[in-house]
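Engineer: Enclosed is the structure file query_19.pdb (PDB, C-alpha atoms).
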ATOM      1  CA  MET A 184     -20.724  34.862   6.789
ATOM      2  CA  SER A 185     -20.530  34.012   3.104
ATOM      3  CA  ILE A 186     -22.112  30.654   2.283
ATOM      4  CA  SER A 187     -21.832  29.021  -1.115
ATOM      5  CA  PRO A 188     -22.963  25.610  -2.403
ATOM      6  CA  ILE A 189     -20.562  22.706  -2.014
ATOM      7  CA  PRO A 190     -19.117  21.885  -5.429
ATOM      8  CA  ARG A 191     -20.183  18.549  -6.849
ATOM      9  CA  ALA A 192     -16.513  17.592  -7.180
ATOM     10  CA  ALA A 193     -16.055  18.062  -3.416
ATOM     11  CA  LEU A 194     -18.759  15.488  -2.724
ATOM     12  CA  SER A 195     -17.102  13.039  -5.081
ATOM     13  CA  ASP A 196     -13.717  13.651  -3.426
ATOM     14  CA  ALA A 197     -15.197  12.958   0.001
ATOM     15  CA  VAL A 198     -16.788   9.683  -1.108
ATOM     16  CA  PHE A 199     -13.563   8.677  -2.862
ATOM     17  CA  GLY A 200     -11.566   9.297   0.305
ATOM     18  CA  ARG A 201     -13.954   7.283   2.461
ATOM     19  CA  LEU A 202     -13.987   4.317   0.100
ATOM     20  CA  VAL A 203     -10.199   4.274  -0.257
ATOM     21  CA  ASP A 204      -9.808   4.426   3.525
ATOM     22  CA  GLU A 205     -12.234   1.528   3.996
ATOM     23  CA  ILE A 206     -10.231  -0.611   1.568
ATOM     24  CA  LEU A 207      -6.715   0.288   2.707
ATOM     25  CA  SER A 208      -7.624  -0.080   6.381
ATOM     26  CA  GLY A 209      -8.817  -3.632   5.770
ATOM     27  CA  ARG A 210     -12.409  -2.961   6.788
ATOM     28  CA  LEU A 211     -13.264  -3.964   3.222
ATOM     29  CA  LEU A 212     -11.365  -7.092   2.240
ATOM     30  CA  PRO A 213     -10.340  -8.367  -1.202
ATOM     31  CA  ASP A 214     -13.325  -9.844  -3.076
ATOM     32  CA  ASP A 215     -15.830  -8.137  -0.768
ATOM     33  CA  ALA A 216     -18.772  -6.718  -2.678
ATOM     34  CA  LEU A 217     -19.516  -3.019  -2.292
ATOM     35  CA  PRO A 218     -23.084  -1.937  -1.587
ATOM     36  CA  ALA A 219     -25.132  -0.850  -4.579
ATOM     37  CA  GLU A 220     -24.677   2.676  -5.874
ATOM     38  CA  ARG A 221     -28.051   3.750  -4.454
ATOM     39  CA  ASP A 222     -27.210   2.327  -1.018
ATOM     40  CA  LEU A 223     -23.840   4.089  -0.983
ATOM     41  CA  ALA A 224     -25.535   7.363  -1.868
ATOM     42  CA  GLU A 225     -27.929   6.946   1.047
ATOM     43  CA  THR A 226     -25.148   5.968   3.449
ATOM     44  CA  PHE A 227     -22.961   8.943   2.527
ATOM     45  CA  GLU A 228     -25.993  11.222   2.144
ATOM     46  CA  VAL A 229     -24.900  12.399  -1.294
ATOM     47  CA  ASN A 230     -26.345  12.122  -4.789
ATOM     48  CA  ARG A 231     -25.723   9.087  -6.968
ATOM     49  CA  HIS A 232     -23.655  11.088  -9.440
ATOM     50  CA  ALA A 233     -21.088  11.808  -6.718
ATOM     51  CA  VAL A 234     -20.935   8.111  -5.859
ATOM     52  CA  ARG A 235     -20.597   7.132  -9.516
ATOM     53  CA  GLU A 236     -17.709   9.545 -10.070
ATOM     54  CA  ALA A 237     -15.983   8.375  -6.884
ATOM     55  CA  LEU A 238     -16.299   4.720  -7.885
ATOM     56  CA  LYS A 239     -14.699   5.459 -11.256
ATOM     57  CA  ARG A 240     -11.709   7.046  -9.508
ATOM     58  CA  VAL A 241     -11.389   4.160  -7.051
ATOM     59  CA  GLN A 242     -11.405   1.754  -9.996
ATOM     60  CA  GLN A 243      -8.694   3.783 -11.726
ATOM     61  CA  THR A 244      -6.450   3.398  -8.667
ATOM     62  CA  GLY A 245      -6.766  -0.389  -8.930
ATOM     63  CA  LEU A 246      -8.720  -0.883  -5.720
ATOM     64  CA  ILE A 247     -12.034  -2.189  -7.101
ATOM     65  CA  ARG A 248     -13.406  -3.938 -10.165
ATOM     66  CA  ILE A 249     -16.707  -2.654 -11.551
ATOM     67  CA  SER A 250     -18.718  -5.217 -13.476
ATOM     68  CA  GLN A 251     -21.560  -4.058 -15.686
ATOM     69  CA  GLY A 252     -24.710  -5.644 -14.341
ATOM     70  CA  GLY A 253     -22.767  -7.337 -11.541
ATOM     71  CA  LYS A 254     -21.366  -6.456  -8.166
ATOM     72  CA  THR A 255     -18.468  -4.097  -7.633
ATOM     73  CA  ARG A 256     -15.770  -6.035  -5.804
ATOM     74  CA  VAL A 257     -12.721  -5.017  -3.817
ATOM     75  CA  LEU A 258      -9.295  -5.914  -5.209
ATOM     76  CA  ASP A 259      -6.135  -6.587  -3.228
ATOM     77  CA  TRP A 260      -4.332  -3.230  -3.306
ATOM     78  CA  ARG A 261      -0.968  -4.936  -2.822
ATOM     79  CA  SER A 262      -1.379  -6.685  -6.168
ATOM     80  CA  ASN A 263      -3.363  -4.137  -8.176
ATOM     81  CA  ALA A 264      -2.746  -0.574  -6.970
ATOM     82  CA  GLY A 265      -0.147   1.809  -8.380
ATOM     83  CA  LEU A 266       2.110   4.468  -6.916
ATOM     84  CA  ASP A 267      -0.765   6.925  -6.643
ATOM     85  CA  VAL A 268      -2.015   4.971  -3.609
ATOM     86  CA  LEU A 269       1.130   5.917  -1.666
ATOM     87  CA  VAL A 270      -0.344   9.197  -0.513
ATOM     88  CA  ALA A 271      -3.546   7.480   0.608
ATOM     89  CA  LEU A 272      -1.491   4.913   2.531
ATOM     90  CA  THR A 273       0.045   7.677   4.621
ATOM     91  CA  HIS A 274      -3.397   8.304   6.169
ATOM     92  CA  SER A 275      -4.751   4.748   6.378
ATOM     93  CA  GLY A 276      -2.618   3.429   9.240
ATOM     94  CA  VAL A 277      -2.362   0.056   7.499
ATOM     95  CA  VAL A 278       1.392   0.512   7.033
ATOM     96  CA  PRO A 279       3.518   2.101   9.817
ATOM     97  CA  PRO A 280       4.689   5.601   8.763
ATOM     98  CA  ILE A 281       8.341   4.772   9.470
ATOM     99  CA  ARG A 282       8.089   1.766   7.136
ATOM    100  CA  LEU A 283       6.565   3.947   4.423
ATOM    101  CA  LEU A 284       9.284   6.559   4.856
ATOM    102  CA  ARG A 285      12.011   3.948   4.568
ATOM    103  CA  ASP A 286      10.484   2.380   1.463
ATOM    104  CA  MET A 287      10.042   5.772  -0.181
ATOM    105  CA  ALA A 288      13.593   6.799   0.714
ATOM    106  CA  GLU A 289      14.848   3.557  -0.833
ATOM    107  CA  MET A 290      12.876   4.192  -4.012
ATOM    108  CA  ARG A 291      14.104   7.784  -4.052
ATOM    109  CA  ARG A 292      17.665   6.483  -3.917
ATOM    110  CA  SER A 293      17.080   4.020  -6.744
ATOM    111  CA  VAL A 294      15.374   6.556  -9.015
ATOM    112  CA  GLY A 295      17.857   9.332  -8.247
ATOM    113  CA  THR A 296      20.885   7.106  -8.715
ATOM    114  CA  ASP A 297      19.861   5.914 -12.158
ATOM    115  CA  ALA A 298      18.568   9.351 -13.145
ATOM    116  CA  ALA A 299      22.009  10.827 -12.383
ATOM    117  CA  ARG A 300      23.608   8.188 -14.614
ATOM    118  CA  LEU A 301      21.176   8.792 -17.454
ATOM    119  CA  CYS A 302      21.435  12.561 -17.109
ATOM    120  CA  ALA A 303      25.200  12.336 -17.611
ATOM    121  CA  GLU A 304      24.604  10.306 -20.760
ATOM    122  CA  ARG A 305      21.543  11.975 -22.286
ATOM    123  CA  ALA A 306      21.165  15.559 -21.113
ATOM    124  CA  THR A 307      21.468  18.412 -23.568
ATOM    125  CA  ASP A 308      23.963  21.215 -22.935
ATOM    126  CA  SER A 309      21.184  23.491 -21.687
ATOM    127  CA  GLN A 310      19.923  20.797 -19.304
ATOM    128  CA  LEU A 311      23.449  20.280 -17.975
ATOM    129  CA  ALA A 312      23.763  24.017 -17.395
ATOM    130  CA  LEU A 313      20.547  23.916 -15.371
ATOM    131  CA  VAL A 314      21.891  21.049 -13.255
ATOM    132  CA  VAL A 315      24.956  23.152 -12.392
ATOM    133  CA  ALA A 316      22.875  26.251 -11.688
ATOM    134  CA  THR A 317      20.461  24.429  -9.373
ATOM    135  CA  ALA A 318      23.325  22.700  -7.535
ATOM    136  CA  ASP A 319      24.884  26.080  -6.886
ATOM    137  CA  ARG A 320      21.709  27.141  -5.053
ATOM    138  CA  TYR A 321      22.506  24.883  -2.099
ATOM    139  CA  PRO A 322      23.439  27.331   0.669
ATOM    140  CA  THR A 323      26.854  27.903   2.189
ATOM    141  CA  GLY A 324      25.307  29.003   5.474
ATOM    142  CA  THR A 325      22.209  28.271   7.515
ATOM    143  CA  CYS A 326      18.874  27.791   5.812
ATOM    144  CA  THR A 327      15.399  26.699   6.896
ATOM    145  CA  PHE A 328      14.314  23.146   6.192
ATOM    146  CA  ALA A 329      11.528  24.390   3.926
ATOM    147  CA  GLU A 330      14.003  26.401   1.857
ATOM    148  CA  LEU A 331      16.379  23.438   1.638
ATOM    149  CA  SER A 332      13.529  21.190   0.493
ATOM    150  CA  THR A 333      12.601  23.590  -2.300
ATOM    151  CA  ILE A 334      16.217  23.848  -3.462
ATOM    152  CA  ASP A 335      16.658  20.065  -3.350
ATOM    153  CA  ARG A 336      13.446  19.442  -5.284
ATOM    154  CA  THR A 337      14.562  21.901  -7.970
ATOM    155  CA  PHE A 338      17.949  20.207  -8.296
ATOM    156  CA  TRP A 339      16.587  16.677  -8.621
ATOM    157  CA  THR A 340      13.901  17.831 -11.013
ATOM    158  CA  ALA A 341      16.684  19.185 -13.247
ATOM    159  CA  VAL A 342      18.587  15.891 -12.984
ATOM    160  CA  ILE A 343      15.555  13.751 -13.767
ATOM    161  CA  ASP A 344      14.468  15.996 -16.626
ATOM    162  CA  GLY A 345      17.984  15.594 -18.005
ATOM    163  CA  SER A 346      17.635  11.821 -17.765
ATOM    164  CA  ASP A 347      14.785  12.022 -20.290
ATOM    165  CA  ASN A 348      12.766   9.420 -18.380
ATOM    166  CA  LEU A 349       9.101  10.301 -17.960
ATOM    167  CA  ALA A 350       8.437   7.407 -15.572
ATOM    168  CA  TYR A 351      11.146   8.695 -13.237
ATOM    169  CA  ARG A 352       9.643  12.180 -13.389
ATOM    170  CA  LEU A 353       6.181  10.935 -12.428
ATOM    171  CA  GLY A 354       7.664   8.641  -9.794
ATOM    172  CA  LEU A 355       9.478  11.588  -8.234
ATOM    173  CA  ASN A 356       6.219  13.535  -8.017
ATOM    174  CA  THR A 357       4.547  10.655  -6.190
ATOM    175  CA  ILE A 358       7.441  10.083  -3.794
ATOM    176  CA  VAL A 359       7.725  13.768  -2.933
ATOM    177  CA  GLY A 360       3.969  14.049  -2.399
ATOM    178  CA  ALA A 361       3.838  11.023  -0.112
ATOM    179  CA  ILE A 362       6.868  12.128   1.919
ATOM    180  CA  ASP A 363       5.337  15.585   2.303
ATOM    181  CA  GLU A 364       2.119  14.041   3.632
ATOM    182  CA  ILE A 365       3.991  12.193   6.388
ATOM    183  CA  GLY A 366       6.475  14.996   7.003
ATOM    184  CA  ALA A 367       9.908  15.059   5.407
ATOM    185  CA  ASP A 368      11.361  16.385   8.656
ATOM    186  CA  HIS A 369      10.780  12.907  10.110
ATOM    187  CA  LEU A 370      13.318  11.428   7.698
ATOM    188  CA  THR A 371      16.370  10.823   9.869
ATOM    189  CA  GLY A 372      19.416  12.379   8.252
ATOM    190  CA  PHE A 373      17.407  14.166   5.573
ATOM    191  CA  PRO A 374      18.203  17.735   6.689
ATOM    192  CA  ALA A 375      21.925  16.915   6.780
ATOM    193  CA  GLU A 376      21.748  15.506   3.254
ATOM    194  CA  LEU A 377      20.026  18.598   1.922
ATOM    195  CA  ALA A 378      22.561  20.873   3.593
ATOM    196  CA  ASP A 379      25.574  19.092   2.030
ATOM    197  CA  ARG A 380      26.401  21.653  -0.633
ATOM    198  CA  ASP A 381      29.749  20.084  -1.519
ATOM    199  CA  ALA A 382      28.211  16.675  -2.246
ATOM    200  CA  HIS A 383      25.638  18.159  -4.607
ATOM    201  CA  LEU A 384      28.232  20.274  -6.389
ATOM    202  CA  ALA A 385      30.453  17.208  -6.812
ATOM    203  CA  LEU A 386      27.532  15.255  -8.242
ATOM    204  CA  ALA A 387      26.691  18.064 -10.656
ATOM    205  CA  ASP A 388      30.339  18.222 -11.708
ATOM    206  CA  ARG A 389      30.404  14.522 -12.620
ATOM    207  CA  ILE A 390      27.109  14.798 -14.490
ATOM    208  CA  VAL A 391      28.345  17.758 -16.533
ATOM    209  CA  ALA A 392      31.595  15.882 -17.231
ATOM    210  CA  ARG A 393      29.363  13.084 -18.591
ATOM    211  CA  ASP A 394      31.013  10.657 -16.194
ATOM    212  CA  SER A 395      27.965   8.444 -15.765
ATOM    213  CA  VAL A 396      29.720   5.866 -13.563
ATOM    214  CA  ALA A 397      30.961   8.423 -11.043
ATOM    215  CA  ALA A 398      27.630  10.280 -11.147
ATOM    216  CA  ARG A 399      25.764   7.082 -10.286
ATOM    217  CA  GLU A 400      28.148   6.271  -7.425
ATOM    218  CA  LEU A 401      27.974   9.765  -5.924
ATOM    219  CA  ALA A 402      24.173   9.847  -6.167
ATOM    220  CA  GLU A 403      23.889   6.431  -4.545
ATOM    221  CA  GLU A 404      26.089   7.486  -1.632
ATOM    222  CA  LEU A 405      24.288  10.809  -1.179
ATOM    223  CA  LEU A 406      20.744   9.466  -1.361
ATOM    224  CA  GLY A 407      21.651   6.324   0.555
ATOM    225  CA  ARG A 408      22.418   8.227   3.750
ATOM    226  CA  VAL A 409      18.768   8.550   4.692
ATOM    227  CA  VAL A 410      18.119   4.858   3.959
ATOM    228  CA  THR A 411      21.057   3.838   6.157
ATOM    229  CA  ALA A 412      19.883   6.130   8.954
ATOM    230  CA  LEU A 413      16.346   4.715   8.840
ATOM    231  CA  ASP A 414      17.663   1.149   8.806
ATOM    232  CA  SER A 415      19.642   1.837  11.941
TER     233      SER A 415
END
Could you take the file, read its structure, and then write that structure out as structure tokens?
Structural biologist:
Amino acid sequence: MSISPIPRAALSDAVFGRLVDEILSGRLLPDDALPAERDLAETFEVNRHAVREALKRVQQTGLIRISQGGKTRVLDWRSNAGLDVLVALTHSGVVPPIRLLRDMAEMRRSVGTDAARLCAERATDSQLALVVATADRYPTGTCTFAELSTIDRTFWTAVIDGSDNLAYRLGLNTIVGAIDEIGADHLTGFPAELADRDAHLALADRIVARDSVAARELAEELLGRVVTALDS
């Protein structure tokens, strides 16, 4: 058996995960003070450097406030955290998975709908060509869910890149990552959406025609199917 030392980063990751779970689960409440760095190191049985690095990352996610010379206090994640906490929420149990899936599907619809509109207005000729090419990859016959997911991600990446909106691009990454953590196959109606080749080709056609109104409407209908299914 080959044994190698545990990387320092792995220790920091483990402490980060434990602290985030404590906060999101509600075991640590807003305004609670965290134990001192030395006490945390003893509790987790790691070195203080690992704790220090983990605390910096937790602060960056908006879950704690570190005061120089004072106590480190928990913040309300609902008011302070960003999209990067979505993935952590999928493991915390504080929000039901079906609720998370619905909210992410709704955000996916909103981002995709406006991205399709902007892509029709802003995309370069080469970006439009890529939209058409990726839409044409949707299969005419049977295909595994994993293959469909890859094709769909490639298509929407092309659309969002054509929209020239960096926030949408980063938002897509977060949504996709969080959905993957829960399991995209649990999204009611999602496989049927991905398999609808004609709908994606029609959307690509309207984007390439620079018909932003029709592109927005088609994207809203297409991406709204999952939201409607989850609502019902």
Engineer: Determine the residue set returned by the PyMOL selection byres ((chain A and resi 312) around 12) for the present structure, and present it as a PyMOL selection string.
Structural biologist: chain A and resi 302-303+306-311+313-319+338+341-342+345+387-388+390-392
Engineer: Write the residues of the selection above to a file with C-alpha atoms, as a PDB file, keeping the file's coordinate frame.
Structural biologist:
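Dumped to out-v6.pdb:
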ATOM      1  CA  CYS A 302      21.435  12.561 -17.109  1.00  0.00           C
ATOM      2  CA  ALA A 303      25.200  12.336 -17.611  1.00  0.00           C
ATOM      3  CA  ALA A 306      21.165  15.559 -21.113  1.00  0.00           C
ATOM      4  CA  THR A 307      21.468  18.412 -23.568  1.00  0.00           C
ATOM      5  CA  ASP A 308      23.963  21.215 -22.935  1.00  0.00           C
ATOM      6  CA  SER A 309      21.184  23.491 -21.687  1.00  0.00           C
ATOM      7  CA  GLN A 310      19.923  20.797 -19.304  1.00  0.00           C
ATOM      8  CA  LEU A 311      23.449  20.280 -17.975  1.00  0.00           C
ATOM      9  CA  LEU A 313      20.547  23.916 -15.371  1.00  0.00           C
ATOM     10  CA  VAL A 314      21.891  21.049 -13.255  1.00  0.00           C
ATOM     11  CA  VAL A 315      24.956  23.152 -12.392  1.00  0.00           C
ATOM     12  CA  ALA A 316      22.875  26.251 -11.688  1.00  0.00           C
ATOM     13  CA  THR A 317      20.461  24.429  -9.373  1.00  0.00           C
ATOM     14  CA  ALA A 318      23.325  22.700  -7.535  1.00  0.00           C
ATOM     15  CA  ASP A 319      24.884  26.080  -6.886  1.00  0.00           C
ATOM     16  CA  PHE A 338      17.949  20.207  -8.296  1.00  0.00           C
ATOM     17  CA  ALA A 341      16.684  19.185 -13.247  1.00  0.00           C
ATOM     18  CA  VAL A 342      18.587  15.891 -12.984  1.00  0.00           C
ATOM     19  CA  GLY A 345      17.984  15.594 -18.005  1.00  0.00           C
ATOM     20  CA  ALA A 387      26.691  18.064 -10.656  1.00  0.00           C
ATOM     21  CA  ASP A 388      30.339  18.222 -11.708  1.00  0.00           C
ATOM     22  CA  ILE A 390      27.109  14.798 -14.490  1.00  0.00           C
ATOM     23  CA  VAL A 391      28.345  17.758 -16.533  1.00  0.00           C
ATOM     24  CA  ALA A 392      31.595  15.882 -17.231  1.00  0.00           C
TER      25      ALA A 392
END
Engineer: In Å to one decimal, how far is atom CA of A:Pro279 from atom CA of A:Asp363?
Structural biologist: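 Interatomic distance, atom CA of A:Asp363 to atom CA of A:Pro279: 15.5 Å.
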Engineer: May I ask for the distance between atom CA of A:Leu223 and atom CA of A:Ala264, given in Å to one decimal place?
Structural biologist: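 Those two atoms sit 22.4 Å apart.
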Engineer: Please expand the PyMOL selection byres ((chain A and resi 402) around 7) into the concrete residues it hits in this file, giving the result as a list in words.
Structural biologist: Gly295, Thr296, Ala299, Leu386, Ala398, Arg399, Glu400, Leu401, Glu403, Glu404, Leu405 and Leu406 of chain A
Engineer: Using all atoms of stretch 202-216 of chain A listed in the file and a margin of 8 Å per side, can you give the axis-aligned box centre and edge lengths in Å to one decimal, as JSON?
Structural biologist:
{"center_x": -12.7, "center_y": -2.7, "center_z": 1.9, "size_x": 28.1, "size_y": 30.3, "size_z": 25.9}
Engineer: Go through the shown structure with the PyMOL selection byres ((chain A and resi 289) around 12) and write out the matching residues as a list in words.
Structural biologist: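 Selection result, ordered by chain and number: Arg282, Leu283, Leu284, Arg285, Asp286, Met287, Ala288, Met290, Arg291, Arg292, Ser293, Val294, Gly295, Thr296, Ile358, Leu370, Glu403, Glu404, Leu405, Leu406, Gly407, Arg408, Val409, Val410, Thr411, Ala412, Leu413 and Asp414 of chain A.
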Engineer: Quick one: pull the distance between atom CA of A:Arg300 and atom CA of A:Val396, Å, one decimal.
Structural biologist: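 Separating atom CA of A:Arg300 from atom CA of A:Val396 is a distance of 6.6 Å.
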Engineer: Which residue, A:Ile281, A:Ala197, A:Val257, A:Cys326, has the smallest gap to A:Val229 when you use all atoms listed in the file?
Structural biologist: A:Ala197
Engineer: Which is closest to A:Ala271 among A:Leu202, A:Ala219, A:Ile343, A:Leu301, if we use only C-alpha atoms?
Structural biologist: A:Leu202
Engineer: What residues have an atom no more than 12 Å from (-3.4, -8.4, -3.3) in the file's own frame, counting all atoms listed in the file, and can you write them as a VMD selection string?
Structural biologist: chain A and resid 206 to 207 209 212 to 214 245 to 247 257 to 265
Engineer: Set the distance at 10 Å and use only C-alpha atoms: which residues neighbour A:Ile249 once local chain neighbours fewer than 5 positions away are removed? I'd like the list as a list in words.
Structural biologist: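 Non-adjacent residues within range: Ala216, Leu217, Leu238, Lys239, Val241, Gln242, Lys254, Thr255, Arg256 and Val257 of chain A.
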Engineer: Select, from A:Ala397, A:Ala361, A:Leu353, A:Leu194, the residue with the minimum atom-to-atom distance to A:Glu236, counting only C-alpha atoms.
Structural biologist: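 The closest residue to A:Glu236 is A:Leu194.
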Engineer: Which residue gives the smallest distance to A:Ala382 among A:Tyr321, A:Asn348, A:Arg235, A:Leu269, with all atoms listed in the file counted?
Structural biologist: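 Result for the nearest residue to A:Ala382: A:Tyr321.
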Engineer: N, CA, C and O atoms are what I want for stretch 250-262 of chain A; can you complete it accordingly and write them as a PDB file, in the frame of the given file?
Structural biologist:
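See part25.pdb below for the written result:
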ATOM      1  N   SER A 250     -18.167  -4.337 -12.445  1.00  0.00           N
ATOM      2  CA  SER A 250     -18.718  -5.217 -13.476  1.00  0.00           C
ATOM      3  C   SER A 250     -20.092  -4.709 -13.887  1.00  0.00           C
ATOM      4  O   SER A 250     -20.947  -4.469 -13.025  1.00  0.00           O
ATOM      5  N   GLN A 251     -20.268  -4.507 -15.185  1.00  0.00           N
ATOM      6  CA  GLN A 251     -21.560  -4.058 -15.686  1.00  0.00           C
ATOM      7  C   GLN A 251     -22.624  -5.108 -15.398  1.00  0.00           C
ATOM      8  O   GLN A 251     -22.511  -6.251 -15.824  1.00  0.00           O
ATOM      9  N   GLY A 252     -23.641  -4.711 -14.657  1.00  0.00           N
ATOM     10  CA  GLY A 252     -24.710  -5.644 -14.341  1.00  0.00           C
ATOM     11  C   GLY A 252     -24.384  -6.559 -13.177  1.00  0.00           C
ATOM     12  O   GLY A 252     -25.237  -7.334 -12.746  1.00  0.00           O
ATOM     13  N   GLY A 253     -23.149  -6.494 -12.663  1.00  0.00           N
ATOM     14  CA  GLY A 253     -22.767  -7.337 -11.541  1.00  0.00           C
ATOM     15  C   GLY A 253     -22.360  -6.502 -10.349  1.00  0.00           C
ATOM     16  O   GLY A 253     -22.570  -5.296 -10.303  1.00  0.00           O
ATOM     17  N   LYS A 254     -21.781  -7.154  -9.372  1.00  0.00           N
ATOM     18  CA  LYS A 254     -21.366  -6.456  -8.166  1.00  0.00           C
ATOM     19  C   LYS A 254     -19.993  -5.822  -8.348  1.00  0.00           C
ATOM     20  O   LYS A 254     -19.158  -6.330  -9.095  1.00  0.00           O
ATOM     21  N   THR A 255     -19.778  -4.742  -7.663  1.00  0.00           N
ATOM     22  CA  THR A 255     -18.468  -4.097  -7.633  1.00  0.00           C
ATOM     23  C   THR A 255     -17.684  -4.711  -6.493  1.00  0.00           C
ATOM     24  O   THR A 255     -18.123  -4.672  -5.331  1.00  0.00           O
ATOM     25  N   ARG A 256     -16.521  -5.295  -6.814  1.00  0.00           N
ATOM     26  CA  ARG A 256     -15.770  -6.035  -5.804  1.00  0.00           C
ATOM     27  C   ARG A 256     -14.416  -5.389  -5.516  1.00  0.00           C
ATOM     28  O   ARG A 256     -13.792  -4.785  -6.386  1.00  0.00           O
ATOM     29  N   VAL A 257     -13.989  -5.569  -4.278  1.00  0.00           N
ATOM     30  CA  VAL A 257     -12.721  -5.017  -3.817  1.00  0.00           C
ATOM     31  C   VAL A 257     -11.573  -5.878  -4.324  1.00  0.00           C
ATOM     32  O   VAL A 257     -11.646  -7.115  -4.312  1.00  0.00           O
ATOM     33  N   LEU A 258     -10.508  -5.219  -4.781  1.00  0.00           N
ATOM     34  CA  LEU A 258      -9.295  -5.914  -5.209  1.00  0.00           C
ATOM     35  C   LEU A 258      -8.230  -5.780  -4.133  1.00  0.00           C
ATOM     36  O   LEU A 258      -8.290  -4.895  -3.284  1.00  0.00           O
ATOM     37  N   ASP A 259      -7.250  -6.658  -4.168  1.00  0.00           N
ATOM     38  CA  ASP A 259      -6.135  -6.587  -3.228  1.00  0.00           C
ATOM     39  C   ASP A 259      -5.207  -5.459  -3.673  1.00  0.00           C
ATOM     40  O   ASP A 259      -4.581  -5.539  -4.729  1.00  0.00           O
ATOM     41  N   TRP A 260      -5.122  -4.393  -2.884  1.00  0.00           N
ATOM     42  CA  TRP A 260      -4.332  -3.230  -3.306  1.00  0.00           C
ATOM     43  C   TRP A 260      -2.859  -3.568  -3.464  1.00  0.00           C
ATOM     44  O   TRP A 260      -2.159  -2.961  -4.255  1.00  0.00           O
ATOM     45  N   ARG A 261      -2.380  -4.569  -2.722  1.00  0.00           N
ATOM     46  CA  ARG A 261      -0.968  -4.936  -2.822  1.00  0.00           C
ATOM     47  C   ARG A 261      -0.617  -5.508  -4.189  1.00  0.00           C
ATOM     48  O   ARG A 261       0.528  -5.460  -4.621  1.00  0.00           O
ATOM     49  N   SER A 262      -1.613  -6.066  -4.861  1.00  0.00           N
ATOM     50  CA  SER A 262      -1.379  -6.685  -6.168  1.00  0.00           C
ATOM     51  C   SER A 262      -1.841  -5.816  -7.332  1.00  0.00           C
ATOM     52  O   SER A 262      -1.401  -6.018  -8.464  1.00  0.00           O
TER      53      SER A 262
END
